[in-house]
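In what follows, a structure is listed as structure tokens, so that the remarks can point back to it.
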Amino acid sequence: MPGLADEQCAALSSGSAPASSAEVAELKSQVPDWTVVSDGMDKLERSYTFESFADALAFTGKVGAIAEEQGHHPQLTTEWGRTTVRWWTHVAGGLHRNDFIMAAKTDALAQA
């Protein structure tokens, strides 16, 4: 059965609506290791741990490659042994289905 990681991000334009609370709850259940954080705008966040800076940097590069492929870009913080990824949709002013798709794709990369 196809999941979020198999979906493609939709092209959005200015003024696109964010996901409703019900949509966020349903989509969040499909990426349970992610946390919804807010700094005035809701975002999905997850940190991945690695054995070295080089491993974290390589993962960061893989996330960057899928972001370019999908035309949807995260905030990435890479440090020794850890990469933290944040997804949100600027034009929607918060979370959109695209963010959950990219969270699932990021999880798939980490498991590969």
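Here, A, B, ... name the chains of the structure tokens in the order displayed, residue numbers run from 1 inside each chain, and ligands are numbered from 1 in the same displayed order.
Summary of the local environment: counting only C-alpha atoms, residues at most 12 Å from Gly81 in chain A, other than itself and those fewer than 5 positions away along its chain, are Ser47, Tyr48, Thr49, Phe50, Glu51, Ser52, Phe53, Ala54, Asp55, Ala56, Leu57, Ala58, Phe59 and Thr60 of chain A.
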Q: Considering only C-alpha atoms, return as a list in words whatever protein or nucleic-acid residues lie within 9 Å of range 63-66 of chain A, sequence-local ones (same chain, fewer than 4 positions apart) excluded.
A: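 Result of the neighbour search: Ala58, Phe59, Gln70, Gly71, His72, His73, Pro74, Leu76, Val85, Met102, Lys105, Thr106 and Leu109 of chain A.
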Q.
Which residues are near range 13-27 of chain A? Cut-off 8 Å, only C-alpha atoms, ignore same chain within fewer than 4 positions. Put them as number ranges by chain.
A. A: 31, 89, 91-97, 100
May I have the selected residues written with C-alpha atoms, as an mmCIF file, in the first residue's frame?
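Writing done, so here's selection-v7.cif:
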data_model
loop_
_atom_site.group_PDB
_atom_site.id
_atom_site.type_symbol
_atom_site.label_atom_id
_atom_site.label_comp_id
_atom_site.auth_asym_id
_atom_site.auth_seq_id
_atom_site.Cartn_x
_atom_site.Cartn_y
_atom_site.Cartn_z
ATOM 1 C CA VAL A 31 5.104 10.146 10.792
ATOM 2 C CA THR A 89 5.283 25.630 4.090
ATOM 3 C CA VAL A 91 3.142 30.173 1.484
ATOM 4 C CA ALA A 92 0.592 28.328 3.636
ATOM 5 C CA GLY A 93 1.810 29.932 6.841
ATOM 6 C CA GLY A 94 2.366 26.617 8.581
ATOM 7 C CA LEU A 95 1.950 22.929 7.878
ATOM 8 C CA HIS A 96 0.701 21.490 4.599
ATOM 9 C CA ARG A 97 0.411 17.931 3.300
ATOM 10 C CA PHE A 100 4.272 15.374 5.898
#
(Q) Quick check for you: according to DSSP on this backbone, which residues of chain A are classed as strand (DSSP E or B)? Reply as an MDAnalysis selection string. (A) chainID A and resid 35:38 42:49 75:79 82:87 89 94
Q.
Measuring between only C-alpha atoms, which one of A:Gln111, A:Thr84, A:Gln75, A:Asn98 shows the shortest distance to Trp34 in chain A?
A.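 Closest to Trp34 in chain A of all the choices is A:Thr84.
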Q: Pick out the closest residue to Thr83 in chain A from this set: A:Leu4, A:Ala110, A:Cys9, A:Ile101. Count only C-alpha atoms.
A: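 Closest candidate: A:Ala110.
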Q.
Ranking A:Lys28, A:Ala11, A:Glu69, A:Gly40 by minimum distance to Ala104 in chain A and counting only C-alpha atoms, which one comes first?
A.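 Between A:Lys28, A:Ala11, A:Glu69, A:Gly40, the residue approaching Ala104 in chain A most closely is A:Lys28.
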Q.
Just want the 10 Å neighbourhood of Val36 in chain A, counted on only C-alpha atoms, with same-chain residues fewer than 5 positions away dropped. Output as JSON, numbers by chain.
A. {"A": [24, 28, 41, 42, 43, 44, 45, 46, 86, 87, 88, 95]}
Q) What is the CA of Asp99 in chain A-CA of Glu79 in chain A distance in Å, reported with one decimal? A) 22.7 Å
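Among the candidate residues A:Ser38, A:Asp6, A:Asp33, A:Leu12, the one lying nearest to Asp107 in chain A is A:Asp33, with distances computed using only C-alpha atoms.
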Q: Based on DSSP run over this structure's backbone, return all residues of range 34-73 of chain A in helix (DSSP H, G or I), as a PyMOL selection string.
A: chain A and resi 53-70
Using the selection just defined, write its residues with C-alpha atoms as an mmCIF file, in the first residue's frame.
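Result file is result21.cif:
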data_model
loop_
_atom_site.group_PDB
_atom_site.id
_atom_site.type_symbol
_atom_site.label_atom_id
_atom_site.label_comp_id
_atom_site.auth_asym_id
_atom_site.auth_seq_id
_atom_site.Cartn_x
_atom_site.Cartn_y
_atom_site.Cartn_z
ATOM 1 C CA PHE A 53 29.970 14.451 11.509
ATOM 2 C CA ALA A 54 30.688 12.964 8.073
ATOM 3 C CA ASP A 55 27.670 10.646 8.361
ATOM 4 C CA ALA A 56 25.424 13.527 9.474
ATOM 5 C CA LEU A 57 26.706 15.672 6.616
ATOM 6 C CA ALA A 58 26.107 12.903 4.079
ATOM 7 C CA PHE A 59 22.517 12.554 5.321
ATOM 8 C CA THR A 60 22.065 16.316 5.103
ATOM 9 C CA GLY A 61 23.157 16.132 1.455
ATOM 10 C CA LYS A 62 20.629 13.371 0.742
ATOM 11 C CA VAL A 63 17.830 15.404 2.317
ATOM 12 C CA GLY A 64 18.931 18.387 0.235
ATOM 13 C CA ALA A 65 18.771 16.285 -2.929
ATOM 14 C CA ILE A 66 15.188 15.136 -2.319
ATOM 15 C CA ALA A 67 14.234 18.700 -1.373
ATOM 16 C CA GLU A 68 15.506 19.925 -4.742
ATOM 17 C CA GLU A 69 13.763 17.071 -6.536
ATOM 18 C CA GLN A 70 10.432 17.922 -4.886
#
